[in-house]
Structure formats: structure tokens, C-alpha cells
Amino acid sequence: MGKDMDRLCIYTGYSRELLELKLGHITPEVQSWIIDHGEDIIKEIAVPALKVPEVSSVFNTTYGTLFHDDCIKVLASMPDESVDMVFADPPFNLNKDYGDSIDDNMTKSKYINWCEAWIKECVRVLKPGGAFYIYNLPYWNTFLSNILNKYMNFRHWIAVSMKGLIPVQGKLQPEHYGLLYYIKGERPKVFHKQRIPLVTCRHCGGEIRDYGGKKSSLNPEGISISDIFMDINPVRHKKYKNRSANELPLRLLHRLISLSTDAGDIVLDPFGGAGTTYVAAEFLERNWIGMEIGDTDIIIERIEKNERDRELLLKIEKESNILFTEEQVRLRQKNNFWTYEKLKD
Ligand SMILES: C[S@@+](CC[C@H](N)C(=O)[O-])C[C@H]1O[C@@H](n2cnc3c(N)ncnc32)[C@H](O)[C@@H]1O
């Protein structure tokens, strides 16, 4: 055996210890050789420890923390399974001007790879049962769904109806954005069904949709939301717009945060923009973690001077989970349509 090993060493060019090791013989000599060469072995085989990037926040409130940095870097600094919900409204790669630090005109594969990088990080930091929402053009959502399907469970593709989208020659008139709704694991940790008022004519107050004549079976708390959101209007009015670039309506974020979290939970949005998610989270007493690579002053100012948003959110809250708003009741009574009181008869 000794002579065979010597011949094998000559043939392979290995030292005696290395050959023993390759053959799986951990003799006392091999063991002491490993101990003597420990540092070289580690250098050869060790995967460098993940360096956690250092990030520091630019703004803090009782509920939230805002980072002025690249979301991938901030996400990498966060522990696994530490947030309850993620909402992401990334740039749509439409060559919009978000400032020098953002390339909104990537090649298709670069954009998809970039999305996979932040999506993977968001999935990692999300707690089991947590909800992940991504808002994008239906076109991009077909690719993002493919990515999400690898890590999470599909709940809904919500169509957020949006009037006034630019027509594209030779195509159908676009009338919605896609909102992907996924869950980490089998079951949502939180699912508070949201209800909205009955849809009525804004002139006479009469019902627009036929609810099958079964008004007695209508829930006094309103109509359950479906996977088509018809009541989300774009922020166009100067009074409510915080910046020239796009900004989502508070009603959308108020609804999603109410649906998928409890008070005290943590909501993460990696693409701050004008801070709509953070404003809604503050109002609903949820903790939040925000990131924005571009200007963060708009977000900070908006949260500090929050009267206008608060007024709007109070109105949104008043109009949620009821069958008729006050305005609808007034109009319906005037025009002799039944109201909630009649439902009880
Ligand atoms: C579509 S906007 C989000 C709008 C936001 N939902 C709102 O309602 O105001 C996307 C934002 O992501 C920011 N952004 C782009 N790349 C980023 C990155 N790598 N890290 C952090 N923010 C980024 C852009 O500056 C832009 O403000």
C-alpha cells in the first residue's frame, strides 16, 4: 500500500497528504497537515462573508425611517423576515427623467434583471404570510410575475382602472395599470376585506350597476372590493400633486395597507417618489421603511406638513366600508331612492 501510494503521488503530482485527503483518508498526518495549512485552505475555499453595506437614514418619525440611497443597497442591510408588507412602484423604464442617478431607459433584459435583484431582496426581508404588491405596466408585469412565481404565491392581478392613458397606434386603448399581489408562503398573515360604497349616478344618485334586486342582502358596510379597482383616480389636481413626476393616489395605498396589515406592522416601499406609501402608513399608524435614490426633500416636507393629506385621508376613511357616502344619501333621499335605513325595513 505504501509503495502504491508513492507511485500514485508520482503519477498525480500530489503530495502524500493531499492524495490521502482526496481519497478521503483523514489520517493523523493529514489532520495535522490540515491544521498547519488552515489559512491557505480557507483562502482557497471560503466564500467571502457578505459585507453588509452601511446606510444611514435621512429622516425619522415616530413610525418611519427614510433612506436617501439605492434601494438594493438599503435592502441588503436589512435582516431577513423583518417587514410585514412590501409595496413597490418602480420606474416603468419609459425614459422618464427621475434625475441623474436613475437610468429609466434600460434594455429589456437589463430592466428585468434589475427588477429581479430588488424583488429577491424584498422577498427575503418579508415575513412569512406577508403581502408583496408591485404596481407596473401590464407589459412589465408579465415578466415580473415570472420572477415572483419562483419565490411567492400568486393572489391576484388587480387591474387599477386609469382613464387618460396615452393611446398606442395599432393597439387597444390602455385603460389600466397592473397591480400584482403575492403572498410569502401559503396564507396571508393579514387579510382585512375592504368594502366600498355602491356605485351610483353622480347626478341622480341611482344605482348604476344591477345588484340583482337583492338589496336586502347588501352588506351595510359596502360592496366587497374586487380585483378591478374602478375608483382610483390619478393625481392630477395641482392642489394634491407633490411633484411633476408621477405619484400614486393616497386612496390606493390606504386600501392596500388596510387590507394587508394591522396597526403597528411594518410597511416597506423601496421606491419612495413623493412618499405616498409613507403618508398613508403614518395616517394608519403603521411603521414604515422608505428608500429613495432621488430627491427626498419632497417626501420630508410632505410628511412634516401633512394637513392636506390628512384631510384627504380622513375623507377616504369616511368613504370606506360603508354602503353610501353622505353625499350619496343626500342625493338618493332627494330623488326618492332607497337608502340604508330602508334596507332594514
Ligand atoms: C414611480 S416613482 C414612485 C412614486 C411613488 N409610488 C409615489 O406615489 O410617489 C419611482 C421612484 O423610484 C425612485 N428610484 C428609482 N430607482 C431607485 C433605486 N434604485 N433606489 C431607490 N429609489 C429609486 C425614483 O427616483 C422615483 O422617485
# chains A, B, ... in the order shown; residues from 1 in each chain; ligands from 1
>>> closest_atom_pairs(of="chain A", to="ligand 1", cutoff="6 Å", atoms="only C-alpha atoms and all ligand atoms", output="JSON lines")
{"residue": "A:Asp69", "atom": "CA", "partner": "ligand 1", "partner_atom_place_in_ligand_line": "21 (C)", "distance": 5.9}
{"residue": "A:Asp70", "atom": "CA", "partner": "ligand 1", "partner_atom_place_in_ligand_line": "20 (N)", "distance": 3.6}
{"residue": "A:Cys71", "atom": "CA", "partner": "ligand 1", "partner_atom_place_in_ligand_line": "20 (N)", "distance": 3.8}
{"residue": "A:Asp89", "atom": "CA", "partner": "ligand 1", "partner_atom_place_in_ligand_line": "6 (N)", "distance": 4.9}
{"residue": "A:Pro90", "atom": "CA", "partner": "ligand 1", "partner_atom_place_in_ligand_line": "10 (C)", "distance": 4.6}
{"residue": "A:Pro91", "atom": "CA", "partner": "ligand 1", "partner_atom_place_in_ligand_line": "1 (C)", "distance": 4.5}
{"residue": "A:Tyr98", "atom": "CA", "partner": "ligand 1", "partner_atom_place_in_ligand_line": "25 (O)", "distance": 5.0}
{"residue": "A:Ile102", "atom": "CA", "partner": "ligand 1", "partner_atom_place_in_ligand_line": "16 (N)", "distance": 5.5}
{"residue": "A:Asn246", "atom": "CA", "partner": "ligand 1", "partner_atom_place_in_ligand_line": "4 (C)", "distance": 5.8}
{"residue": "A:Glu247", "atom": "CA", "partner": "ligand 1", "partner_atom_place_in_ligand_line": "8 (O)", "distance": 3.7}
{"residue": "A:Leu248", "atom": "CA", "partner": "ligand 1", "partner_atom_place_in_ligand_line": "8 (O)", "distance": 3.7}
{"residue": "A:Pro270", "atom": "CA", "partner": "ligand 1", "partner_atom_place_in_ligand_line": "21 (C)", "distance": 5.8}
{"residue": "A:Phe271", "atom": "CA", "partner": "ligand 1", "partner_atom_place_in_ligand_line": "12 (O)", "distance": 3.9}
{"residue": "A:Gly272", "atom": "CA", "partner": "ligand 1", "partner_atom_place_in_ligand_line": "5 (C)", "distance": 5.2}
{"residue": "A:Gly273", "atom": "CA", "partner": "ligand 1", "partner_atom_place_in_ligand_line": "27 (O)", "distance": 3.3}
{"residue": "A:Ala274", "atom": "CA", "partner": "ligand 1", "partner_atom_place_in_ligand_line": "9 (O)", "distance": 3.5}
{"residue": "A:Gly275", "atom": "CA", "partner": "ligand 1", "partner_atom_place_in_ligand_line": "9 (O)", "distance": 4.9}
{"residue": "A:Thr276", "atom": "CA", "partner": "ligand 1", "partner_atom_place_in_ligand_line": "8 (O)", "distance": 4.5}
{"residue": "A:Met291", "atom": "CA", "partner": "ligand 1", "partner_atom_place_in_ligand_line": "21 (C)", "distance": 5.3}
{"residue": "A:Glu292", "atom": "CA", "partner": "ligand 1", "partner_atom_place_in_ligand_line": "22 (N)", "distance": 3.8}
{"residue": "A:Ile293", "atom": "CA", "partner": "ligand 1", "partner_atom_place_in_ligand_line": "21 (C)", "distance": 4.1}
{"residue": "A:Gly294", "atom": "CA", "partner": "ligand 1", "partner_atom_place_in_ligand_line": "25 (O)", "distance": 4.4}
>>> closest_atom_pairs(of="region 49-119 of chain A", to="region 126-148 of chain A", cutoff="12 Å", atoms="only C-alpha atoms", output="tab-separated table")
residue	atom	partner	partner_atom	distance
A:Leu75	CA	A:Leu126	CA	10.8
A:Met78	CA	A:Leu126	CA	10.3
A:Pro79	CA	A:Leu126	CA	9.5
A:Asp80	CA	A:Leu126	CA	7.1
A:Glu81	CA	A:Lys127	CA	4.0
A:Ser82	CA	A:Lys127	CA	5.8
A:Val83	CA	A:Leu126	CA	4.9
A:Asp84	CA	A:Gly130	CA	5.0
A:Met85	CA	A:Ala131	CA	4.9
A:Val86	CA	A:Phe132	CA	4.7
A:Phe87	CA	A:Tyr133	CA	4.7
A:Ala88	CA	A:Ile134	CA	4.8
A:Asp89	CA	A:Tyr135	CA	4.9
A:Pro90	CA	A:Asn136	CA	7.2
A:Pro91	CA	A:Asn136	CA	8.2
A:Phe92	CA	A:Asn136	CA	6.4
A:Asn93	CA	A:Trp140	CA	9.2
A:Leu94	CA	A:Leu137	CA	10.1
A:Lys108	CA	A:Trp140	CA	9.4
A:Ser109	CA	A:Phe143	CA	10.1
A:Tyr111	CA	A:Trp140	CA	9.3
A:Ile112	CA	A:Phe143	CA	7.1
A:Asn113	CA	A:Ile147	CA	9.6
A:Trp114	CA	A:Leu144	CA	10.7
A:Cys115	CA	A:Leu144	CA	7.4
A:Glu116	CA	A:Ile147	CA	6.5
A:Ala117	CA	A:Ile147	CA	10.0
A:Trp118	CA	A:Ile147	CA	10.9
A:Ile119	CA	A:Leu148	CA	7.6
>>> residues_around(residues="Ile300 (chain A)", least_positions_apart="5", cutoff="12 Å", atoms="only C-alpha atoms", output="list in words")
Ser57, Val58, Phe59, Asn60, Thr61, Gly64, Thr65, Leu66, Phe67, His68, Asn242, Gly272, Gly273, Ala274, Gly275, Thr276, Tyr278, Val279, Gly290, Met291, Glu292, Asp295, Lys305 and Asn306 of chain A
>>> write_last_selection(atoms="C-alpha atoms", output="mmCIF file, in the first residue's frame")
data_model
loop_
_atom_site.group_PDB
_atom_site.id
_atom_site.type_symbol
_atom_site.label_atom_id
_atom_site.label_comp_id
_atom_site.auth_asym_id
_atom_site.auth_seq_id
_atom_site.Cartn_x
_atom_site.Cartn_y
_atom_site.Cartn_z
ATOM 1 C CA SER A 57 -31.325 57.394 7.394
ATOM 2 C CA VAL A 58 -32.099 60.985 6.356
ATOM 3 C CA PHE A 59 -35.402 61.336 8.155
ATOM 4 C CA ASN A 60 -37.219 59.658 11.023
ATOM 5 C CA THR A 61 -40.691 59.952 12.504
ATOM 6 C CA GLY A 64 -40.950 55.632 9.915
ATOM 7 C CA THR A 65 -37.396 55.744 8.629
ATOM 8 C CA LEU A 66 -36.393 57.153 5.277
ATOM 9 C CA PHE A 67 -33.137 56.317 3.481
ATOM 10 C CA HIS A 68 -31.735 58.502 0.728
ATOM 11 C CA ASN A 242 -46.477 66.984 -4.775
ATOM 12 C CA GLY A 272 -40.364 56.496 -2.360
ATOM 13 C CA GLY A 273 -41.211 59.014 -5.105
ATOM 14 C CA ALA A 274 -43.408 61.598 -3.420
ATOM 15 C CA GLY A 275 -43.805 59.374 -0.350
ATOM 16 C CA THR A 276 -47.464 58.377 -0.845
ATOM 17 C CA TYR A 278 -45.289 56.592 3.872
ATOM 18 C CA VAL A 279 -48.016 59.236 4.252
ATOM 19 C CA GLY A 290 -38.711 54.134 2.885
ATOM 20 C CA MET A 291 -35.983 54.470 0.281
ATOM 21 C CA GLU A 292 -35.482 56.990 -2.487
ATOM 22 C CA ASP A 295 -34.791 63.878 -4.146
ATOM 23 C CA LYS A 305 -46.749 69.495 6.561
ATOM 24 C CA ASN A 306 -49.381 66.838 6.443
#
>>> select_by_dssp(residues="region 86-248 of chain A", states="strand (DSSP E or B)", output="MDAnalysis selection string")
chainID A and resid 86:88 126:136 153:161 176:183 195:196 200 207 223:224 228:229
>>> write_last_selection(atoms="N, CA and C atoms", output="tab-separated table (two decimals), in the first residue's frame")
chain	number	residue	atom	x	y	z
A	86	VAL	N	-44.77	44.67	1.56
A	86	VAL	CA	-43.95	45.48	0.65
A	86	VAL	C	-44.86	46.00	-0.45
A	87	PHE	N	-44.73	47.28	-0.73
A	87	PHE	CA	-45.40	47.86	-1.90
A	87	PHE	C	-44.31	48.49	-2.76
A	88	ALA	N	-44.29	48.15	-4.05
A	88	ALA	CA	-43.25	48.71	-4.93
A	88	ALA	C	-43.85	49.27	-6.21
A	126	LEU	N	-39.26	40.10	3.72
A	126	LEU	CA	-40.69	39.98	4.05
A	126	LEU	C	-40.92	38.79	5.00
A	127	LYS	N	-41.78	39.01	5.97
A	127	LYS	CA	-42.09	37.92	6.92
A	127	LYS	C	-43.00	36.89	6.26
A	128	PRO	N	-43.00	35.64	6.75
A	128	PRO	CA	-43.93	34.65	6.20
A	128	PRO	C	-45.36	35.16	6.31
A	129	GLY	N	-46.11	34.97	5.24
A	129	GLY	CA	-47.51	35.44	5.23
A	129	GLY	C	-47.64	36.89	4.81
A	130	GLY	N	-46.50	37.57	4.64
A	130	GLY	CA	-46.54	38.99	4.26
A	130	GLY	C	-46.97	39.18	2.81
A	131	ALA	N	-47.55	40.33	2.53
A	131	ALA	CA	-48.02	40.62	1.16
A	131	ALA	C	-46.99	41.45	0.41
A	132	PHE	N	-46.86	41.16	-0.87
A	132	PHE	CA	-45.95	41.91	-1.75
A	132	PHE	C	-46.78	42.42	-2.93
A	133	TYR	N	-46.86	43.74	-3.07
A	133	TYR	CA	-47.59	44.35	-4.19
A	133	TYR	C	-46.60	45.02	-5.13
A	134	ILE	N	-46.76	44.80	-6.41
A	134	ILE	CA	-45.94	45.53	-7.39
A	134	ILE	C	-46.88	46.18	-8.41
A	135	TYR	N	-46.67	47.48	-8.58
A	135	TYR	CA	-47.51	48.28	-9.49
A	135	TYR	C	-46.68	48.59	-10.73
A	136	ASN	N	-47.18	48.22	-11.91
A	136	ASN	CA	-46.39	48.47	-13.11
A	136	ASN	C	-47.30	48.40	-14.34
A	153	ASN	N	-46.39	33.09	-3.63
A	153	ASN	CA	-47.67	32.58	-4.14
A	153	ASN	C	-48.55	33.70	-4.65
A	154	PHE	N	-49.07	33.45	-5.84
A	154	PHE	CA	-49.93	34.43	-6.51
A	154	PHE	C	-51.27	34.56	-5.78
A	155	ARG	N	-51.73	35.79	-5.59
A	155	ARG	CA	-53.08	36.02	-5.04
A	155	ARG	C	-53.96	36.65	-6.12
A	156	HIS	N	-53.51	37.78	-6.63
A	156	HIS	CA	-54.32	38.47	-7.64
A	156	HIS	C	-53.48	39.30	-8.59
A	157	TRP	N	-54.01	39.45	-9.77
A	157	TRP	CA	-53.55	40.51	-10.69
A	157	TRP	C	-54.68	41.52	-10.63
A	158	ILE	N	-54.45	42.63	-9.99
A	158	ILE	CA	-55.50	43.64	-9.84
A	158	ILE	C	-55.36	44.64	-10.98
A	159	ALA	N	-56.48	44.92	-11.63
A	159	ALA	CA	-56.46	45.94	-12.68
A	159	ALA	C	-56.87	47.26	-12.03
A	160	VAL	N	-55.96	48.22	-12.02
A	160	VAL	CA	-56.29	49.53	-11.46
A	160	VAL	C	-56.68	50.42	-12.64
A	161	SER	N	-57.99	50.61	-12.78
A	161	SER	CA	-58.52	51.34	-13.92
A	161	SER	C	-57.99	52.77	-13.92
A	176	HIS	N	-55.80	50.37	-17.92
A	176	HIS	CA	-55.47	50.00	-16.53
A	176	HIS	C	-53.98	49.80	-16.34
A	177	TYR	N	-53.55	49.95	-15.09
A	177	TYR	CA	-52.22	49.52	-14.68
A	177	TYR	C	-52.40	48.19	-13.96
A	178	GLY	N	-51.32	47.42	-13.93
A	178	GLY	CA	-51.40	46.11	-13.27
A	178	GLY	C	-50.84	46.21	-11.86
A	179	LEU	N	-51.56	45.60	-10.93
A	179	LEU	CA	-51.07	45.57	-9.55
A	179	LEU	C	-50.97	44.10	-9.15
A	180	LEU	N	-49.73	43.60	-9.04
A	180	LEU	CA	-49.53	42.21	-8.67
A	180	LEU	C	-49.62	42.09	-7.16
A	181	TYR	N	-50.30	41.05	-6.71
A	181	TYR	CA	-50.47	40.83	-5.27
A	181	TYR	C	-50.05	39.40	-4.98
A	182	TYR	N	-48.95	39.25	-4.27
A	182	TYR	CA	-48.39	37.94	-3.93
A	182	TYR	C	-48.25	37.80	-2.42
A	183	ILE	N	-48.16	36.54	-1.98
A	183	ILE	CA	-48.01	36.25	-0.56
A	183	ILE	C	-46.77	35.38	-0.37
A	195	ARG	N	-64.24	47.24	1.84
A	195	ARG	CA	-65.53	47.47	1.17
A	195	ARG	C	-65.64	48.91	0.70
A	196	ILE	N	-66.39	49.08	-0.37
A	196	ILE	CA	-66.55	50.43	-0.93
A	196	ILE	C	-68.04	50.72	-1.14
A	200	THR	N	-73.08	54.72	-7.74
A	200	THR	CA	-74.34	55.40	-8.11
A	200	THR	C	-74.07	56.53	-9.10
A	207	GLU	N	-78.65	53.69	-8.62
A	207	GLU	CA	-77.61	52.67	-8.84
A	207	GLU	C	-77.23	52.60	-10.31
A	223	ILE	N	-69.78	47.31	-0.56
A	223	ILE	CA	-69.58	46.25	-1.54
A	223	ILE	C	-68.12	45.79	-1.45
A	224	SER	N	-67.91	44.49	-1.37
A	224	SER	CA	-66.54	43.96	-1.30
A	224	SER	C	-65.73	44.40	-2.51
A	228	ILE	N	-60.80	44.42	-9.73
A	228	ILE	CA	-60.73	45.60	-10.60
A	228	ILE	C	-61.04	46.82	-9.74
A	229	PHE	N	-60.08	47.72	-9.64
A	229	PHE	CA	-60.30	48.94	-8.87
A	229	PHE	C	-60.73	50.04	-9.86
>>> select_by_dssp(residues="region 125-160 of chain A", states="helix (DSSP H, G or I)", output="PyMOL selection string")
chain A and resi 125+138-151
>>> closest_residue(among="A:Leu312, A:Leu21, A:Ala263, A:Leu172", to="Arg286 (chain A)", atoms="only C-alpha atoms")
A:Ala263
>>> atom_distance(atom1="CA of Ala281 (chain A)", atom2="CA of Glu221 (chain A)")
22.8 Å
>>> closest_residue(among="A:Gln169, A:Ile72, A:Arg310, A:Ile298", to="Val125 (chain A)", atoms="only C-alpha atoms")
A:Ile72
>>> closest_residue(among="A:Glu304, A:Tyr63, A:Arg7, A:Asp97", to="Asn287 (chain A)", atoms="only C-alpha atoms")
A:Tyr63
>>> closest_residue(among="A:Leu250, A:Val52, A:Arg330, A:Glu17", to="His37 (chain A)", atoms="only C-alpha atoms")
A:Glu17
>>> residues_around(residues="Gly2 (chain A)", least_positions_apart="6", cutoff="12 Å", atoms="only C-alpha atoms", output="list in words")
Leu8, Cys9, Arg16 and Glu20 of chain A
>>> atom_distance(atom1="CA of Asn149 (chain A)", atom2="CA of Pro188 (chain A)")
15.8 Å
>>> atom_distance(atom1="CA of Ile266 (chain A)", atom2="CA of Leu253 (chain A)")
13.9 Å
